[in-house]
>>> print(open('upload-v2.cif').read())   # mmCIF, C-alpha atoms and all ligand atoms
data_model
#
loop_
_atom_site.label_atom_id
_atom_site.label_comp_id
_atom_site.auth_asym_id
_atom_site.auth_seq_id
_atom_site.Cartn_x
_atom_site.Cartn_y
_atom_site.Cartn_z
CA MET P 194 9.55 53.90 29.95
CA ASP P 195 7.64 54.36 33.20
CA ARG P 196 6.63 51.55 35.54
CA LYS P 197 3.01 51.34 34.32
CA GLU P 198 4.06 51.16 30.67
CA PHE P 199 6.69 48.52 31.49
CA ILE P 200 4.12 46.29 33.26
CA LYS P 201 1.69 46.72 30.34
CA THR P 202 4.40 45.76 27.82
CA CYS P 203 5.40 42.70 29.86
CA GLY P 204 1.73 41.64 30.09
CA PHE P 205 1.31 41.77 26.30
CA ALA P 206 4.58 39.87 25.80
CA CYS P 207 3.42 37.18 28.21
CA ILE P 208 0.04 36.79 26.48
CA GLY P 209 1.74 36.69 23.08
CA GLY P 210 4.21 34.04 24.29
CA THR P 211 1.41 31.89 25.70
CA ALA P 212 -0.56 32.11 22.43
CA PHE P 213 2.57 31.23 20.44
CA MET P 214 3.26 28.16 22.60
CA ALA P 215 -0.38 27.02 22.24
CA LEU P 216 -0.04 27.37 18.45
CA LEU P 217 3.19 25.36 18.46
CA GLN P 218 1.61 22.59 20.53
CA SER P 219 -1.39 22.38 18.19
CA CYS P 220 0.97 22.09 15.20
CA ALA P 221 2.99 19.39 16.91
CA SER P 222 -0.08 17.33 17.69
CA THR P 223 -1.02 17.05 14.00
CA ASN P 224 2.16 15.12 13.21
CA TYR P 225 1.92 11.85 15.08
CA PHE P 226 4.96 9.58 15.36
CA ALA P 227 3.75 5.98 15.38
CA GLN P 228 4.97 3.26 17.71
CA THR P 229 6.95 0.84 15.58
CA THR P 230 8.88 -2.39 15.73
CA PHE P 231 12.01 -2.76 13.62
CA GLU P 232 12.72 -6.16 12.18
CA GLU P 233 15.62 -7.10 9.92
CA ASN P 234 14.70 -5.22 6.78
CA ARG P 235 11.26 -3.92 7.60
CA ILE P 236 9.30 -1.72 9.96
CA LEU P 237 6.09 -2.98 11.52
CA ILE P 238 3.28 -0.55 12.43
CA LYS P 239 0.02 -1.64 14.04
CA LYS P 240 -2.97 -0.48 12.00
CA THR P 241 -4.45 0.88 15.23
CA GLU P 242 -1.73 3.58 15.13
CA PHE P 243 -3.92 5.30 12.54
CA LEU P 244 -6.76 5.64 15.06
CA LYS P 245 -7.08 8.50 17.52
CA THR P 246 -9.64 9.39 20.15
CA GLU P 247 -11.00 12.94 20.12
CA LYS P 248 -13.75 13.97 22.48
CA GLU P 249 -14.60 10.31 23.15
CA LYS P 250 -14.94 9.70 19.40
CA ILE P 251 -12.58 7.48 17.43
CA THR P 252 -11.34 9.04 14.21
CA GLU P 253 -8.71 8.05 11.70
CA ARG P 254 -5.40 9.73 10.92
CA ARG P 255 -4.52 10.27 7.25
CA PHE P 256 -0.88 9.62 7.95
CA VAL P 257 1.62 8.78 10.64
CA LEU P 258 5.34 9.44 10.80
CA VAL P 259 8.06 6.92 11.59
CA ARG P 260 11.46 7.84 13.03
CA THR P 261 14.43 6.12 11.46
CA GLU P 262 18.12 6.30 12.29
CA LYS P 263 19.07 4.74 8.97
CA PHE P 264 17.94 7.64 6.80
CA GLY P 265 18.12 10.65 9.12
CA TYR P 266 14.65 11.77 7.99
CA PRO P 267 11.24 10.48 9.06
CA ILE P 268 9.20 8.20 6.84
CA GLY P 269 5.65 9.35 6.12
CA VAL P 270 3.05 6.58 5.92
CA TYR P 271 -0.30 7.45 4.32
CA LYS P 272 -3.45 5.38 4.33
CA ILE P 273 -4.63 5.39 0.71
CA GLU P 274 -7.44 2.81 0.97
CA GLU P 275 -8.50 0.10 3.43
CA ASN P 276 -5.48 -2.12 2.81
CA GLU P 277 -3.32 0.22 0.76
CA TYR P 278 -0.62 2.35 2.37
CA SER P 279 2.15 4.43 0.86
CA ALA P 280 5.48 5.11 2.57
CA MET P 281 8.07 7.68 1.56
CA LEU P 282 11.15 9.40 2.93
CA LEU P 283 10.37 13.00 3.89
CA GLN P 284 13.52 14.35 2.26
CA CYS P 285 12.93 16.90 -0.47
CA THR P 286 14.56 15.88 -3.74
CA HIS P 287 15.50 19.50 -4.49
CA LYS P 288 18.05 20.33 -1.77
CA GLY P 289 17.17 17.93 1.02
CA CYS P 290 14.97 19.87 3.42
CA GLU P 291 12.57 17.88 5.58
CA LEU P 292 9.06 17.90 4.13
CA GLN P 293 5.98 18.85 6.14
CA PRO P 294 2.78 16.82 5.70
CA GLN P 295 -0.23 19.03 4.96
CA GLY P 296 -3.31 16.89 4.49
CA ASN P 297 -2.76 14.65 1.50
CA PHE P 298 0.27 16.61 0.32
CA LEU P 299 3.84 17.05 1.46
CA VAL P 300 5.21 20.58 1.28
CA CYS P 301 8.81 21.70 1.42
CA PRO P 302 9.30 24.66 3.79
CA CYS P 303 12.55 25.71 2.03
CA HIS P 304 11.49 26.53 -1.53
CA GLY P 305 7.88 25.36 -1.79
CA SER P 306 8.01 22.07 -3.70
CA GLU P 307 4.94 19.86 -3.27
CA PHE P 308 4.50 16.10 -3.46
CA THR P 309 1.45 13.83 -3.37
CA ASN P 310 0.80 11.28 -0.63
CA LYS P 311 2.46 8.74 -2.92
CA GLY P 312 5.64 10.82 -3.27
CA VAL P 313 5.02 12.15 -6.78
CA VAL P 314 6.35 15.66 -7.36
CA GLN P 315 3.60 18.20 -8.14
CA ASN P 316 5.30 21.58 -7.95
CA PRO P 317 8.90 22.67 -8.65
CA PRO P 318 11.66 23.47 -7.97
CA ALA P 319 11.98 19.73 -7.13
CA GLU P 320 11.92 17.63 -10.30
CA GLN P 321 12.22 14.09 -8.94
CA ASN P 322 9.77 11.99 -6.97
CA LEU P 323 10.47 11.05 -3.37
CA LYS P 324 12.18 7.85 -2.30
CA THR P 325 9.34 5.41 -1.63
CA PHE P 326 9.21 2.08 0.16
CA LYS P 327 7.25 -1.06 -0.67
CA THR P 328 4.47 -1.78 1.83
CA SER P 329 2.24 -4.74 2.62
CA THR P 330 -0.41 -5.48 5.23
CA ASP P 331 -2.10 -8.28 7.12
CA ASN P 332 -5.12 -8.09 9.41
CA GLU P 333 -3.33 -6.15 12.15
CA ASN P 334 -0.13 -4.68 10.78
CA ILE P 335 1.47 -2.59 8.07
CA TYR P 336 4.95 -3.56 6.93
CA ILE P 337 7.40 -1.12 5.35
CA TYR P 338 10.33 -2.72 3.54
CA LEU P 339 13.55 -0.73 3.78
S1 LIG A 401 14.80 21.91 -0.69
FE1 LIG A 401 12.72 21.49 -1.04
S2 LIG A 401 12.12 22.86 -2.57
FE2 LIG A 401 14.20 23.29 -2.24
#
>>> encode(input="upload-v2.cif", output="structure tokens", more="lines below")
Ligand code: FES
Amino acid sequence: MDRKEFIKTCGFACIGGTAFMALLQSCASTNYFAQTTFEENRILIKKTEFLKTEKEKITERRFVLVRTEKFGYPIGVYKIEENEYSAMLLQCTHKGCELQPQGNFLVCPCHGSEFTNKGVVQNPPAEQNLKTFKTSTDNENIYIYL
């Protein structure tokens, strides 16, 4: 490989790497981990965690994620209606891979199982629904009971 070809190859690799990193960052920004407060047997999330500002416009997230040490997997919290939220462990019931939220569905990257935003299995190979958690709300907060 001559010098000119080497520089050209490095240039393409650099551009490709930059594009890949931009793609990764855009993927990461779609999954938002909410600020939470842990109380004895429940997690508290402010309803405002579902709001985001884009281009000076306030929009609403469909879901947020919650980190937990207790389960080793995140909990996905979906807004179903104004005061109705669902919460489920993002552990696939087939072989335990971590599920990826895609809109109103959760998809398993390992073998393709799909679940609704209430944790109900839609596509095999998983056969069982996800572990779900009871939720309640007041004017400001969402509570997830562990
Ligand atoms: S582990 Fe999720 S489909 Fe197999």
>>> residues_around(input="upload-v2.cif", residues="Tyr225 in chain P", least_positions_apart="4", cutoff="10 Å", atoms="only C-alpha atoms", output="list of chain:residue names")
P:Ala221, P:Glu242, P:Phe243, P:Lys245, P:Arg254, P:Phe256, P:Val257, P:Leu258, P:Val259
>>> residues_near_point(input="upload-v2.cif", point="(4.2, 21.0, 4.8)", cutoff="12 Å", atoms="only C-alpha atoms", output="list in words")
Cys220, Thr223, Asn224, Gly269, Leu283, Gln284, Cys285, Cys290, Glu291, Leu292, Gln293, Pro294, Gln295, Gly296, Asn297, Phe298, Leu299, Val300, Cys301, Pro302, Cys303, His304, Gly305, Ser306, Glu307, Phe308, Thr309 and Asn310 of chain P
>>> atom_distance(input="upload-v2.cif", atom1="CA of Ala227 in chain P", atom2="CA of Tyr271 in chain P")
11.9 Å
>>> closest_residue(input="upload-v2.cif", among="P:Ser279, P:Thr252, P:Gln228, P:Thr286", to="Ala319 in chain P", atoms="only C-alpha atoms")
P:Thr286
>>> closest_residue(input="upload-v2.cif", among="P:Thr246, P:Thr241, P:Thr328, P:Gln321", to="ligand LIG 401 (chain A)", atoms="all atoms listed in the file")
P:Gln321
>>> closest_residue(input="upload-v2.cif", among="P:Val313, P:Lys288, P:Asn322, P:Glu333", to="ligand LIG 401 (chain A)", atoms="all atoms listed in the file")
P:Lys288
>>> closest_residue(input="upload-v2.cif", among="P:Val314, P:Asn234, P:Thr330, P:Ile335", to="ligand LIG 401 (chain A)", atoms="all atoms listed in the file")
P:Val314
>>> axis_aligned_box(input="upload-v2.cif", around="ligand LIG 401 (chain A)", padding_each_side="4 Å", output="lines of an AutoDock Vina configuration file")
center_x = 13.5
center_y = 22.4
center_z = -1.6
size_x = 10.7
size_y = 9.8
size_z = 9.9
>>> closest_residue(input="upload-v2.cif", among="P:Lys248, P:Lys263, P:Lys239, P:His287", to="ligand LIG 401 (chain A)", atoms="all atoms listed in the file")
P:His287
>>> residues_around(input="upload-v2.cif", residues="Phe231 in chain P", least_positions_apart="6", cutoff="10 Å", atoms="all atoms listed in the file", output="VMD selection string")
chain P and resid 237 to 238 261 336 to 337
>>> atom_distance(input="upload-v2.cif", atom1="CA of Leu339 in chain P", atom2="atom S2 of ligand LIG 401 (chain A)")
24.5 Å
>>> closest_residue(input="upload-v2.cif", among="P:Glu253, P:Glu320, P:Glu232, P:Glu277", to="ligand LIG 401 (chain A)", atoms="only C-alpha atoms and all ligand atoms")
P:Glu320
>>> atom_distance(input="upload-v2.cif", atom1="CA of Thr230 in chain P", atom2="CA of Glu247 in chain P")
25.5 Å
>>> build_atoms(input="upload-v2.cif", residues="range 250-262 of chain P", atoms="N, CA and C atoms", output="short mmCIF file (atom, residue, chain, number, x, y, z; two decimals), in the frame of the given file")
data_model
loop_
_atom_site.label_atom_id
_atom_site.label_comp_id
_atom_site.auth_asym_id
_atom_site.auth_seq_id
_atom_site.Cartn_x
_atom_site.Cartn_y
_atom_site.Cartn_z
N LYS P 250 -14.57 10.21 20.71
CA LYS P 250 -14.94 9.70 19.40
C LYS P 250 -13.67 9.20 18.71
N ILE P 251 -13.76 8.02 18.12
CA ILE P 251 -12.58 7.48 17.43
C ILE P 251 -12.58 7.96 15.98
N THR P 252 -11.49 8.59 15.59
CA THR P 252 -11.34 9.04 14.21
C THR P 252 -10.06 8.44 13.64
N GLU P 253 -9.86 8.65 12.36
CA GLU P 253 -8.71 8.05 11.70
C GLU P 253 -7.72 9.11 11.24
N ARG P 254 -6.45 8.85 11.44
CA ARG P 254 -5.40 9.73 10.92
C ARG P 254 -5.19 9.44 9.44
N ARG P 255 -4.87 10.48 8.67
CA ARG P 255 -4.52 10.27 7.25
C ARG P 255 -3.14 9.68 7.12
N PHE P 256 -2.27 10.07 8.05
CA PHE P 256 -0.88 9.62 7.95
C PHE P 256 -0.27 9.54 9.34
N VAL P 257 0.79 8.79 9.43
CA VAL P 257 1.62 8.78 10.64
C VAL P 257 3.07 8.94 10.18
N LEU P 258 3.92 9.32 11.10
CA LEU P 258 5.34 9.44 10.80
C LEU P 258 6.10 8.35 11.55
N VAL P 259 7.21 7.94 10.98
CA VAL P 259 8.06 6.92 11.59
C VAL P 259 9.48 7.47 11.68
N ARG P 260 10.06 7.40 12.87
CA ARG P 260 11.46 7.84 13.03
C ARG P 260 12.40 6.73 12.58
N THR P 261 13.42 7.11 11.86
CA THR P 261 14.43 6.12 11.46
C THR P 261 15.82 6.69 11.69
N GLU P 262 16.72 5.87 12.16
CA GLU P 262 18.12 6.30 12.29
C GLU P 262 18.84 6.10 10.97
#
